[in-house]
$ cat target12.txt   # compact mmCIF, C-alpha atoms and all ligand atoms
# COMPACT_ATOMS: atom_id res chain seq x y z
CA MET A 1 -67.79 -72.21 -0.47
CA GLU A 2 -69.85 -72.12 -3.64
CA GLU A 3 -72.27 -69.42 -2.59
CA ALA A 4 -69.42 -67.04 -1.66
CA VAL A 5 -68.04 -67.22 -5.20
CA GLU A 6 -69.76 -65.50 -8.09
CA HIS A 7 -69.26 -67.57 -11.22
CA ALA A 8 -67.15 -66.48 -14.17
CA SER A 9 -70.18 -66.16 -16.39
CA GLY A 10 -71.65 -63.52 -14.03
CA PRO A 11 -70.80 -59.82 -14.09
CA SER A 12 -67.41 -58.81 -12.67
CA LEU A 13 -68.69 -56.35 -10.13
CA LEU A 14 -72.18 -56.88 -8.79
CA PRO A 15 -74.22 -53.83 -7.84
CA ALA A 16 -74.56 -53.34 -4.07
CA ASP A 17 -77.95 -54.45 -2.65
CA ARG A 18 -78.88 -50.91 -1.79
CA VAL A 19 -77.47 -47.48 -2.46
CA GLN A 20 -75.23 -46.53 0.40
CA MET A 21 -73.47 -43.20 0.81
CA LEU A 22 -70.01 -43.33 2.37
CA ASP A 23 -71.27 -41.41 5.41
CA ASP A 24 -73.61 -44.31 6.19
CA VAL A 25 -71.02 -47.09 6.00
CA ALA A 26 -70.29 -48.81 9.33
CA THR A 27 -66.64 -48.54 10.36
CA PRO A 28 -64.05 -49.85 10.17
CA ALA A 29 -64.59 -50.71 6.52
CA VAL A 30 -62.28 -51.46 3.62
CA LEU A 31 -62.96 -49.18 0.67
CA VAL A 32 -61.74 -49.70 -2.87
CA ASP A 33 -61.80 -46.67 -5.16
CA LEU A 34 -63.04 -48.32 -8.36
CA ALA A 35 -61.71 -45.65 -10.73
CA VAL A 36 -58.21 -46.02 -9.28
CA LEU A 37 -58.46 -49.82 -9.31
CA GLU A 38 -59.46 -49.80 -12.98
CA ARG A 39 -56.65 -47.40 -13.85
CA ASN A 40 -54.04 -49.52 -12.03
CA ILE A 41 -55.23 -52.65 -13.84
CA ALA A 42 -55.16 -50.91 -17.22
CA ARG A 43 -51.69 -49.42 -16.72
CA MET A 44 -50.00 -52.70 -15.80
CA ALA A 45 -51.80 -54.46 -18.66
CA ASP A 46 -50.52 -51.77 -21.05
CA ALA A 47 -46.94 -52.08 -19.77
CA ALA A 48 -47.01 -55.85 -20.31
CA ARG A 49 -48.59 -55.49 -23.75
CA ARG A 50 -46.00 -52.90 -24.83
CA HIS A 51 -43.19 -55.34 -24.05
CA GLY A 52 -44.96 -58.42 -25.42
CA ILE A 53 -45.06 -60.01 -21.95
CA ARG A 54 -47.80 -62.26 -20.60
CA LEU A 55 -49.33 -60.70 -17.47
CA ARG A 56 -50.36 -63.14 -14.75
CA PRO A 57 -51.33 -61.00 -11.75
CA HIS A 58 -50.87 -62.47 -8.30
CA ALA A 59 -54.35 -62.77 -6.78
CA LYS A 60 -52.95 -62.85 -3.23
CA THR A 61 -53.52 -59.09 -3.12
CA HIS A 62 -57.30 -59.15 -3.59
CA LYS A 63 -58.33 -62.83 -3.25
CA ALA A 64 -61.50 -61.74 -5.04
CA PRO A 65 -62.79 -63.36 -8.25
CA ALA A 66 -64.55 -60.11 -9.22
CA ILE A 67 -61.23 -58.25 -9.34
CA GLY A 68 -59.49 -61.16 -11.07
CA ARG A 69 -62.07 -60.95 -13.82
CA LEU A 70 -61.26 -57.26 -14.36
CA GLN A 71 -57.59 -58.24 -14.75
CA ILE A 72 -58.44 -60.97 -17.28
CA ALA A 73 -60.71 -58.58 -19.19
CA ALA A 74 -57.77 -56.14 -19.41
CA GLY A 75 -55.58 -58.81 -21.01
CA ALA A 76 -54.10 -60.99 -18.24
CA VAL A 77 -53.52 -64.57 -19.43
CA GLY A 78 -54.51 -66.07 -16.10
CA LEU A 79 -53.87 -65.60 -12.41
CA CYS A 80 -51.19 -66.57 -9.99
CA VAL A 81 -52.06 -67.76 -6.46
CA ALA A 82 -50.01 -68.80 -3.43
CA LYS A 83 -51.95 -71.78 -2.15
CA THR A 84 -53.62 -74.91 -3.51
CA SER A 85 -56.82 -73.87 -1.70
CA GLU A 86 -56.72 -70.44 -3.37
CA ALA A 87 -56.43 -72.21 -6.72
CA GLU A 88 -59.50 -74.28 -5.80
CA VAL A 89 -61.53 -71.14 -5.06
CA PHE A 90 -60.53 -69.41 -8.30
CA ALA A 91 -61.08 -72.56 -10.39
CA THR A 92 -64.57 -72.86 -8.90
CA ALA A 93 -65.16 -69.24 -9.85
CA GLY A 94 -64.37 -70.09 -13.48
CA PHE A 95 -60.69 -69.14 -13.87
CA ASP A 96 -59.14 -71.66 -16.23
CA ASP A 97 -55.41 -70.85 -16.15
CA LEU A 98 -53.74 -70.74 -12.73
CA PHE A 99 -50.18 -70.90 -11.44
CA VAL A 100 -49.56 -71.73 -7.77
CA ALA A 101 -46.34 -69.75 -7.27
CA PHE A 102 -45.21 -71.57 -4.17
CA PRO A 103 -43.11 -74.72 -3.63
CA VAL A 104 -46.00 -77.13 -3.13
CA VAL A 105 -44.97 -80.34 -1.38
CA GLY A 106 -46.82 -83.53 -0.42
CA ALA A 107 -48.99 -86.29 -1.87
CA ASP A 108 -52.13 -84.78 -0.26
CA LYS A 109 -51.61 -81.57 -2.22
CA GLY A 110 -50.67 -83.65 -5.25
CA ARG A 111 -54.06 -85.37 -5.17
CA ARG A 112 -55.88 -82.03 -4.97
CA LEU A 113 -53.77 -80.66 -7.82
CA LEU A 114 -54.60 -83.75 -9.88
CA ALA A 115 -58.31 -83.01 -9.44
CA LEU A 116 -57.71 -79.36 -10.37
CA ALA A 117 -55.66 -80.29 -13.45
CA ASP A 118 -58.75 -82.07 -14.78
CA ARG A 119 -60.59 -78.75 -14.80
CA ILE A 120 -58.06 -76.06 -15.72
CA ARG A 121 -54.62 -75.32 -17.19
CA LEU A 122 -52.48 -75.59 -14.07
CA ALA A 123 -48.86 -75.15 -13.03
CA VAL A 124 -47.17 -75.12 -9.64
CA GLY A 125 -43.83 -74.00 -8.26
CA VAL A 126 -41.11 -76.37 -7.09
CA ASP A 127 -37.65 -75.69 -5.69
CA SER A 128 -36.34 -79.17 -4.91
CA VAL A 129 -36.24 -82.57 -6.58
CA GLU A 130 -37.52 -84.18 -3.35
CA GLY A 131 -40.53 -81.86 -3.18
CA ALA A 132 -41.29 -82.17 -6.89
CA ARG A 133 -41.20 -85.96 -6.62
CA THR A 134 -44.04 -85.93 -4.05
CA LEU A 135 -46.28 -84.35 -6.73
CA GLY A 136 -44.85 -86.22 -9.72
CA ASP A 137 -45.52 -89.60 -8.10
CA VAL A 138 -49.24 -88.78 -7.77
CA PHE A 139 -49.50 -87.62 -11.38
CA ALA A 140 -47.42 -90.52 -12.75
CA ALA A 141 -49.66 -93.04 -10.95
CA ALA A 142 -52.60 -91.48 -12.82
CA SER A 143 -50.65 -91.47 -16.11
CA ARG A 144 -50.74 -87.67 -16.08
CA ARG A 145 -48.16 -84.88 -16.07
CA LEU A 146 -48.19 -81.73 -13.93
CA ASP A 147 -46.59 -78.55 -15.28
CA VAL A 148 -43.99 -77.16 -12.86
CA LEU A 149 -41.85 -74.03 -12.78
CA LEU A 150 -38.55 -74.13 -10.91
CA GLU A 151 -38.20 -71.23 -8.47
CA VAL A 152 -34.91 -69.34 -8.69
CA ASP A 153 -33.50 -67.15 -5.90
CA THR A 154 -32.60 -63.81 -7.49
CA GLY A 155 -31.76 -62.14 -4.17
CA LEU A 156 -34.71 -62.36 -1.78
CA HIS A 157 -33.12 -65.40 -0.09
CA ARG A 158 -36.45 -66.91 0.89
CA VAL A 159 -37.05 -69.97 -1.28
CA GLY A 160 -35.71 -70.82 -4.71
CA VAL A 161 -32.50 -72.44 -5.89
CA ALA A 162 -29.21 -70.60 -6.37
CA THR A 163 -28.73 -69.50 -9.98
CA GLU A 164 -25.61 -71.64 -10.56
CA THR A 165 -27.53 -74.78 -9.58
CA VAL A 166 -30.46 -74.15 -11.97
CA PRO A 167 -29.25 -76.28 -14.95
CA GLY A 168 -28.45 -79.33 -12.82
CA ILE A 169 -31.77 -79.24 -10.91
CA ALA A 170 -33.71 -78.50 -14.09
CA ARG A 171 -32.14 -81.60 -15.69
CA ARG A 172 -33.26 -83.79 -12.77
CA LEU A 173 -36.76 -82.26 -12.75
CA ALA A 174 -37.15 -82.76 -16.50
CA ASP A 175 -36.30 -86.45 -16.00
CA LEU A 176 -38.87 -87.04 -13.22
CA PRO A 177 -42.00 -88.98 -14.18
CA GLY A 178 -45.35 -87.24 -13.83
CA LEU A 179 -43.95 -83.74 -14.39
CA ARG A 180 -43.28 -81.33 -17.25
CA LEU A 181 -40.85 -78.48 -16.65
CA ARG A 182 -42.72 -75.51 -18.09
CA GLY A 183 -40.21 -72.90 -17.02
CA LEU A 184 -38.48 -70.86 -14.34
CA PHE A 185 -39.89 -68.26 -11.96
CA THR A 186 -38.68 -65.82 -9.35
CA HIS A 187 -40.06 -63.17 -7.01
CA ALA A 188 -37.63 -60.30 -6.38
CA GLY A 189 -39.21 -59.36 -3.07
CA HIS A 190 -35.95 -57.70 -2.02
CA SER A 191 -37.17 -54.81 -4.20
CA TYR A 192 -39.11 -53.79 -1.05
CA ALA A 193 -35.79 -52.96 0.64
CA GLY A 194 -34.83 -50.52 -2.13
CA GLU A 195 -34.10 -47.16 -0.48
CA THR A 196 -34.26 -45.21 -3.76
CA PRO A 197 -36.17 -45.63 -7.04
CA GLU A 198 -32.80 -46.30 -8.70
CA ALA A 199 -32.08 -49.15 -6.30
CA VAL A 200 -35.51 -50.65 -7.00
CA ALA A 201 -34.96 -50.32 -10.77
CA ALA A 202 -31.60 -52.09 -10.43
CA VAL A 203 -33.25 -55.00 -8.58
CA GLY A 204 -35.83 -55.32 -11.38
CA ALA A 205 -33.27 -55.22 -14.19
CA ASP A 206 -31.11 -57.78 -12.39
CA GLU A 207 -34.17 -60.00 -11.75
CA GLY A 208 -34.94 -60.07 -15.48
CA ARG A 209 -31.35 -60.55 -16.65
CA THR A 210 -30.56 -63.30 -14.14
CA MET A 211 -33.67 -65.21 -15.17
CA ALA A 212 -33.06 -64.80 -18.90
CA ARG A 213 -29.50 -66.15 -18.45
CA ALA A 214 -30.67 -69.06 -16.31
CA ALA A 215 -33.26 -70.01 -18.94
CA GLU A 216 -30.59 -69.94 -21.67
CA ALA A 217 -28.35 -72.19 -19.58
CA VAL A 218 -31.15 -74.77 -19.24
CA ARG A 219 -32.02 -74.56 -22.93
CA GLY A 220 -28.33 -75.25 -23.60
CA LEU A 221 -28.94 -78.71 -22.13
CA GLY A 222 -31.65 -79.34 -24.72
CA ILE A 223 -34.47 -78.78 -22.23
CA PRO A 224 -37.15 -76.42 -23.57
CA ILE A 225 -38.04 -73.51 -21.27
CA GLU A 226 -41.34 -72.00 -22.30
CA GLU A 227 -41.89 -69.60 -19.41
CA VAL A 228 -39.52 -67.17 -17.72
CA SER A 229 -41.68 -65.59 -15.05
CA VAL A 230 -40.72 -62.62 -12.85
CA GLY A 231 -42.45 -60.10 -10.72
CA SER A 232 -43.04 -58.00 -7.69
CA THR A 233 -44.90 -54.70 -7.91
CA PRO A 234 -41.84 -52.45 -7.30
CA SER A 235 -39.64 -54.40 -9.75
CA ALA A 236 -42.26 -55.36 -12.37
CA ARG A 237 -41.87 -52.47 -14.80
CA HIS A 238 -38.10 -52.90 -14.87
CA ALA A 239 -38.00 -56.70 -15.03
CA LEU A 240 -40.60 -57.06 -17.79
CA ALA A 241 -38.54 -54.84 -20.07
CA VAL A 242 -35.67 -57.35 -20.13
CA ALA A 243 -35.34 -59.49 -23.27
CA GLY A 244 -35.94 -63.17 -22.53
CA VAL A 245 -38.58 -62.59 -19.85
CA THR A 246 -41.94 -64.01 -20.95
CA GLU A 247 -44.31 -63.48 -18.01
CA CYS A 248 -44.79 -61.04 -15.13
CA ARG A 249 -46.71 -61.64 -11.86
CA PRO A 250 -47.19 -58.40 -9.90
CA GLY A 251 -49.97 -58.49 -7.31
CA ASN A 252 -50.01 -55.40 -5.14
CA TYR A 253 -50.30 -52.98 -8.09
CA VAL A 254 -54.10 -53.33 -8.18
CA PHE A 255 -54.40 -51.51 -4.85
CA HIS A 256 -50.95 -50.13 -3.98
CA ASP A 257 -50.38 -49.03 -0.37
CA ALA A 258 -48.27 -46.83 1.92
CA SER A 259 -45.21 -48.99 1.29
CA GLN A 260 -45.48 -48.55 -2.50
CA VAL A 261 -45.79 -44.78 -1.99
CA SER A 262 -42.71 -44.81 0.28
CA LEU A 263 -40.79 -46.86 -2.29
CA GLY A 264 -41.71 -44.39 -5.04
CA THR A 265 -43.58 -47.07 -7.03
CA CYS A 266 -46.68 -44.86 -7.16
CA GLY A 267 -48.23 -41.69 -5.79
CA LEU A 268 -50.96 -41.35 -3.18
CA GLU A 269 -53.44 -40.83 -6.01
CA ASP A 270 -52.70 -44.36 -7.26
CA CYS A 271 -53.76 -46.05 -4.03
CA ALA A 272 -57.14 -47.75 -4.43
CA LEU A 273 -57.58 -49.43 -1.04
CA THR A 274 -58.14 -47.43 2.14
CA ILE A 275 -59.69 -48.08 5.53
CA LEU A 276 -62.59 -45.91 6.60
CA ALA A 277 -62.33 -45.50 10.38
CA THR A 278 -63.97 -43.44 13.10
CA VAL A 279 -62.12 -41.43 15.73
CA VAL A 280 -63.47 -42.95 18.96
CA SER A 281 -61.32 -41.17 21.54
CA VAL A 282 -59.11 -38.09 21.84
CA PRO A 283 -57.59 -38.66 25.27
CA ALA A 284 -54.89 -35.97 24.88
CA PRO A 285 -54.15 -33.18 22.39
CA ASP A 286 -51.34 -35.23 20.90
CA ARG A 287 -53.26 -38.53 20.76
CA ALA A 288 -56.35 -39.68 18.87
CA VAL A 289 -57.64 -43.22 18.63
CA VAL A 290 -59.54 -44.82 15.75
CA ASP A 291 -61.62 -48.02 15.64
CA ALA A 292 -59.16 -49.74 13.29
CA GLY A 293 -56.39 -51.76 14.92
CA SER A 294 -54.38 -54.79 13.90
CA LYS A 295 -57.55 -56.85 13.23
CA THR A 296 -58.32 -54.38 10.44
CA LEU A 297 -54.93 -53.12 9.26
CA SER A 298 -52.60 -56.02 10.18
CA SER A 299 -49.28 -55.30 11.91
CA ASP A 300 -47.17 -55.42 8.78
CA PRO A 301 -44.38 -52.82 8.84
CA LEU A 302 -43.96 -49.96 6.40
CA ARG A 303 -41.34 -50.63 3.70
CA PRO A 304 -38.59 -49.85 2.88
CA ARG A 305 -38.11 -48.14 6.26
CA ILE A 306 -40.19 -48.82 9.38
CA GLY A 307 -42.50 -45.87 10.10
CA GLY A 308 -45.81 -46.44 11.86
CA HIS A 309 -48.92 -48.37 10.85
CA GLY A 310 -50.51 -46.35 8.10
CA PHE A 311 -50.97 -42.84 6.74
CA VAL A 312 -54.02 -40.79 7.74
CA LEU A 313 -55.01 -39.32 4.37
CA GLY A 314 -54.97 -35.55 4.21
CA ARG A 315 -53.02 -35.27 7.47
CA ALA A 316 -49.38 -35.38 8.48
CA SER A 317 -50.27 -37.36 11.63
CA ARG A 318 -49.62 -41.10 11.42
CA LEU A 319 -50.76 -44.22 13.19
CA SER A 320 -47.95 -44.97 15.60
CA ARG A 321 -49.34 -47.89 17.60
CA LEU A 322 -51.93 -50.63 17.15
CA SER A 323 -53.68 -53.00 19.46
CA GLU A 324 -56.30 -55.35 18.10
CA GLU A 325 -59.20 -52.88 18.00
CA HIS A 326 -57.41 -49.56 18.57
CA GLY A 327 -55.28 -47.53 16.21
CA VAL A 328 -53.37 -44.78 18.00
CA ILE A 329 -52.58 -41.63 16.01
CA ASP A 330 -49.70 -39.43 17.11
CA VAL A 331 -51.22 -36.01 16.46
CA VAL A 332 -48.59 -33.62 15.13
CA PRO A 333 -48.60 -29.96 16.27
CA GLY A 334 -51.09 -27.92 14.25
CA GLU A 335 -53.45 -30.86 13.62
CA SER A 336 -56.41 -32.01 15.69
CA PHE A 337 -59.05 -34.74 15.57
CA ARG A 338 -62.50 -34.81 17.11
CA VAL A 339 -64.48 -37.75 18.43
CA GLY A 340 -66.89 -39.04 15.78
CA GLU A 341 -64.84 -37.74 12.88
CA ARG A 342 -64.23 -40.20 10.05
CA VAL A 343 -60.78 -40.64 8.55
CA ARG A 344 -59.31 -42.63 5.68
CA ILE A 345 -56.22 -44.68 6.44
CA LEU A 346 -53.77 -45.92 3.83
CA PRO A 347 -52.42 -49.24 5.18
CA ASN A 348 -48.79 -50.28 5.05
CA HIS A 349 -49.57 -53.49 3.16
CA ALA A 350 -52.83 -53.93 1.24
CA CYS A 351 -52.45 -57.69 0.55
CA VAL A 352 -52.78 -58.64 4.20
CA VAL A 353 -55.71 -56.26 4.73
CA SER A 354 -57.87 -58.11 2.20
CA ASN A 355 -57.10 -61.36 4.02
CA LEU A 356 -58.70 -59.91 7.17
CA HIS A 357 -62.04 -58.95 5.63
CA ASP A 358 -64.96 -60.84 4.08
CA ARG A 359 -65.81 -58.05 1.69
CA LEU A 360 -64.46 -54.85 0.24
CA LEU A 361 -66.70 -51.92 -0.62
CA GLY A 362 -66.22 -50.66 -4.16
CA VAL A 363 -66.70 -46.91 -4.13
CA ARG A 364 -67.27 -44.35 -6.88
CA ASP A 365 -68.28 -40.71 -6.50
CA GLY A 366 -68.78 -41.02 -2.75
CA ARG A 367 -71.18 -43.96 -3.08
CA VAL A 368 -70.79 -47.68 -2.48
CA GLU A 369 -71.29 -49.07 -5.97
CA THR A 370 -70.47 -52.72 -5.32
CA GLU A 371 -69.56 -55.20 -2.61
CA ILE A 372 -66.60 -57.37 -3.48
CA ALA A 373 -66.47 -60.82 -1.85
CA VAL A 374 -62.97 -61.82 -0.73
CA ALA A 375 -63.76 -65.43 -1.54
CA ALA A 376 -60.23 -66.82 -1.10
CA ARG A 377 -59.46 -65.10 2.21
CA GLY A 378 -57.98 -67.37 4.84
CA ARG A 379 -57.34 -70.20 2.35
CA VAL A 380 -53.95 -71.20 3.66
CA GLN A 381 -53.66 -74.89 2.84
C1 LIG B 1 -44.05 -65.71 -5.54
C2 LIG B 1 -44.65 -64.35 -5.65
N1 LIG B 1 -44.90 -63.85 -6.87
C3 LIG B 1 -45.45 -62.63 -7.04
C4 LIG B 1 -45.76 -61.83 -5.95
C5 LIG B 1 -46.36 -60.47 -6.18
O1 LIG B 1 -45.54 -59.46 -5.65
P1 LIG B 1 -46.14 -58.04 -5.23
O2 LIG B 1 -47.09 -58.28 -4.11
O3 LIG B 1 -44.96 -57.23 -4.86
O4 LIG B 1 -46.81 -57.49 -6.42
C6 LIG B 1 -45.52 -62.31 -4.66
C7 LIG B 1 -45.84 -61.50 -3.50
O5 LIG B 1 -45.57 -61.80 -2.37
C8 LIG B 1 -44.94 -63.61 -4.49
O6 LIG B 1 -44.68 -64.11 -3.29
$ encode --input "target12.txt" --output "structure tokens"
Amino acid sequence: MEEAVEHASGPSLLPADRVQMLDDVATPAVLVDLAVLERNIARMADAARRHGIRLRPHAKTHKAPAIGRLQIAAGAVGLCVAKTSEAEVFATAGFDDLFVAFPVVGADKGRRLLALADRIRLAVGVDSVEGARTLGDVFAAASRRLDVLLEVDTGLHRVGVATETVPGIARRLADLPGLRLRGLFTHAGHSYAGETPEAVAAVGADEGRTMARAAEAVRGLGIPIEEVSVGSTPSARHALAVAGVTECRPGNYVFHDASQVSLGTCGLEDCALTILATVVSVPAPDRAVVDAGSKTLSSDPLRPRIGGHGFVLGRASRLSRLSEEHGVIDVVPGESFRVGERVRILPNHACVVSNLHDRLLGVRDGRVETEIAVAARGRVQ
């Protein structure tokens, strides 16, 4: 693993081995527009700074230490990850403040977290006393304490405890040996179902207010709550403006994607990650096929409403169907594609695209400026 991870003391973005013009890049390839990436990172950092909120970007979107370092350089306090193994990769790359925002369960994970806690400032998510105990027992046996944040369900209905049960569960967590309750966290992923920008804004405001109230209720029991952590990319700007919120964890904002454009979170010009693909077949006037299928783009649906598998930039035609290696474009009247032509595709969901590729090509002014290793891709345990 070590050689795939550039160390924190190294430069953030390493120059590519050789100068490569975009026309020479083998397809399909994942391109990252560096100017857009840098602007996205700076804007979210500014929004957090303006509201006095700690920014802890979710690294699930890029899984790349080089991009994480740009986020830290812009002011992020640390990173958030989804898996213990992702935390191990980022710790090895020199990141010293990580939050595993997932209900981690089991003594095996507890032992790995104990080893990590020797090296970095660490916290993990929990959403049950039973699950938390599996970690606390490992830390208590070593006379150590693991920082945990209790996950609260603010409407996604995935994991997390119901808001009315937060004080009671927080009390029991605070009393468990081997643990320290650092705070509460939530992910308002139901923001992705928001059909209008107003609906998305309402989800974000509610996310922040619900969490601030829940934290006050726990503090009312005499239990200190240091962190009130919120965040999804659509809801982030609204949730971080709520008094009582202390930390925000958006991930997708570094790249954005077709779903964020459809939700109104950003414009096409704010999308940093695209797929460079070649048209390999035009079997009929209304059908063109590119060399990017589900192995490149994933099969994730467009949000908030289903609508194909990615936008073809500069065209109204969309990818309507994917098999593993083929992406089928429904060619709209008035448009045409020719075999050998290269197109840029904006994927529905950028976070899953990075998980499918070993490296991303950082592009500026039509040239590949850097190759970005996706060091934590596929780290699922
Ligand atoms: C727990 C948690 N926090 C934060 C995020 C970041 O959300 P987004 O990708 O919308 O920025 C996610 C994304 O799935 C998540 O699951």
$ residues_near_ligand --input "target12.txt" --ligand "ligand LIG 1 (chain B)" --cutoff "10 Å" --atoms "all atoms listed in the file" --output "number ranges by chain"
A: 56-61, 80-82, 99-103, 125, 151, 158-160, 185-192, 229-236, 248-256, 260, 349-351
$ residues_around --input "target12.txt" --residues "Leu322 in chain A" --least-positions-apart "4" --cutoff "8 Å" --atoms "only C-alpha atoms" --output "VMD selection string"
chain A and resid 293 to 294 299 309 326 to 328
$ write_last_selection --input "target12.txt" --atoms "C-alpha atoms" --output "PDB file, in the frame of the given file"
ATOM      1  CA  GLY A 293     -56.390 -51.760  14.920  1.00  0.00           C
ATOM      2  CA  SER A 294     -54.380 -54.790  13.900  1.00  0.00           C
ATOM      3  CA  SER A 299     -49.280 -55.300  11.910  1.00  0.00           C
ATOM      4  CA  HIS A 309     -48.920 -48.370  10.850  1.00  0.00           C
ATOM      5  CA  HIS A 326     -57.410 -49.560  18.570  1.00  0.00           C
ATOM      6  CA  GLY A 327     -55.280 -47.530  16.210  1.00  0.00           C
ATOM      7  CA  VAL A 328     -53.370 -44.780  18.000  1.00  0.00           C
TER       8      VAL A 328
END
$ atom_distance --input "target12.txt" --atom1 "CA of Arg69 in chain A" --atom2 "CA of Leu13 in chain A"
8.9 Å
$ residues_around --input "target12.txt" --residues "Thr27 in chain A" --least-positions-apart "6" --cutoff "12 Å" --atoms "all atoms listed in the file" --output "list in words"
Thr274, Ile275, Leu276, Ala277, Thr278, Val279, Val280, Val290, Asp291, Ala292, Gly293, Thr296, Glu325, Gly340, Glu341, Arg342, Val343, Arg344, Ile345 and Leu361 of chain A
$ atom_distance --input "target12.txt" --atom1 "CA of Pro65 in chain A" --atom2 "CA of Val105 in chain A"
25.6 Å
$ atom_distance --input "target12.txt" --atom1 "CA of His51 in chain A" --atom2 "CA of Leu79 in chain A"
18.8 Å
$ residues_around --input "target12.txt" --residues "Val104 in chain A" --least-positions-apart "4" --cutoff "10 Å" --atoms "all atoms listed in the file" --output "mmCIF file with C-alpha atoms, in the frame of the given file"
data_model
loop_
_atom_site.group_PDB
_atom_site.id
_atom_site.type_symbol
_atom_site.label_atom_id
_atom_site.label_comp_id
_atom_site.auth_asym_id
_atom_site.auth_seq_id
_atom_site.Cartn_x
_atom_site.Cartn_y
_atom_site.Cartn_z
ATOM 1 C CA ALA A 82 -50.010 -68.800 -3.430
ATOM 2 C CA LYS A 83 -51.950 -71.780 -2.150
ATOM 3 C CA THR A 84 -53.620 -74.910 -3.510
ATOM 4 C CA VAL A 100 -49.560 -71.730 -7.770
ATOM 5 C CA LYS A 109 -51.610 -81.570 -2.220
ATOM 6 C CA GLY A 110 -50.670 -83.650 -5.250
ATOM 7 C CA LEU A 113 -53.770 -80.660 -7.820
ATOM 8 C CA VAL A 124 -47.170 -75.120 -9.640
ATOM 9 C CA GLY A 125 -43.830 -74.000 -8.260
ATOM 10 C CA VAL A 126 -41.110 -76.370 -7.090
ATOM 11 C CA ASP A 127 -37.650 -75.690 -5.690
ATOM 12 C CA GLY A 131 -40.530 -81.860 -3.180
ATOM 13 C CA ALA A 132 -41.290 -82.170 -6.890
ATOM 14 C CA THR A 134 -44.040 -85.930 -4.050
ATOM 15 C CA LEU A 135 -46.280 -84.350 -6.730
ATOM 16 C CA VAL A 148 -43.990 -77.160 -12.860
ATOM 17 C CA GLN A 381 -53.660 -74.890 2.840
#
$ closest_residue --input "target12.txt" --among "A:Ile53, A:Val166, A:Leu179, A:Val331" --to "Glu216 in chain A" --atoms "all atoms listed in the file"
A:Val166
$ closest_residue --input "target12.txt" --among "A:Leu181, A:Ala45, A:Val89, A:Val218" --to "Thr163 in chain A" --atoms "all atoms listed in the file"
A:Val218
$ residues_around --input "target12.txt" --residues "Val25 in chain A" --least-positions-apart "2" --cutoff "12 Å" --atoms "only C-alpha atoms" --output "ChimeraX atom specification"
/A:18-23,27-31,275-278,342,360-363,366-368,371
$ closest_residue --input "target12.txt" --among "A:Asp108, A:Gly244, A:Arg237, A:Ser128" --to "Met44 in chain A" --atoms "all atoms listed in the file"
A:Arg237
$ residues_near_point --input "target12.txt" --point "(-52.6, -78.2, -14.9)" --cutoff "9 Å" --atoms "all atoms listed in the file" --output "list of chain:residue names"
A:Asp97, A:Leu98, A:Phe99, A:Leu113, A:Leu114, A:Leu116, A:Ala117, A:Asp118, A:Arg119, A:Ile120, A:Arg121, A:Leu122, A:Ala123, A:Val124, A:Arg145, A:Leu146, A:Asp147, A:Val148
$ write_last_selection --input "target12.txt" --atoms "C-alpha atoms" --output "tab-separated table (two decimals), in the frame of the given file"
chain	number	residue	atom	x	y	z
A	97	ASP	CA	-55.41	-70.85	-16.15
A	98	LEU	CA	-53.74	-70.74	-12.73
A	99	PHE	CA	-50.18	-70.90	-11.44
A	113	LEU	CA	-53.77	-80.66	-7.82
A	114	LEU	CA	-54.60	-83.75	-9.88
A	116	LEU	CA	-57.71	-79.36	-10.37
A	117	ALA	CA	-55.66	-80.29	-13.45
A	118	ASP	CA	-58.75	-82.07	-14.78
A	119	ARG	CA	-60.59	-78.75	-14.80
A	120	ILE	CA	-58.06	-76.06	-15.72
A	121	ARG	CA	-54.62	-75.32	-17.19
A	122	LEU	CA	-52.48	-75.59	-14.07
A	123	ALA	CA	-48.86	-75.15	-13.03
A	124	VAL	CA	-47.17	-75.12	-9.64
A	145	ARG	CA	-48.16	-84.88	-16.07
A	146	LEU	CA	-48.19	-81.73	-13.93
A	147	ASP	CA	-46.59	-78.55	-15.28
A	148	VAL	CA	-43.99	-77.16	-12.86
$ closest_residue --input "target12.txt" --among "A:Asp270, A:Ala214, A:Asn348, A:Gly334" --to "Ala258 in chain A" --atoms "all atoms listed in the file"
A:Asn348
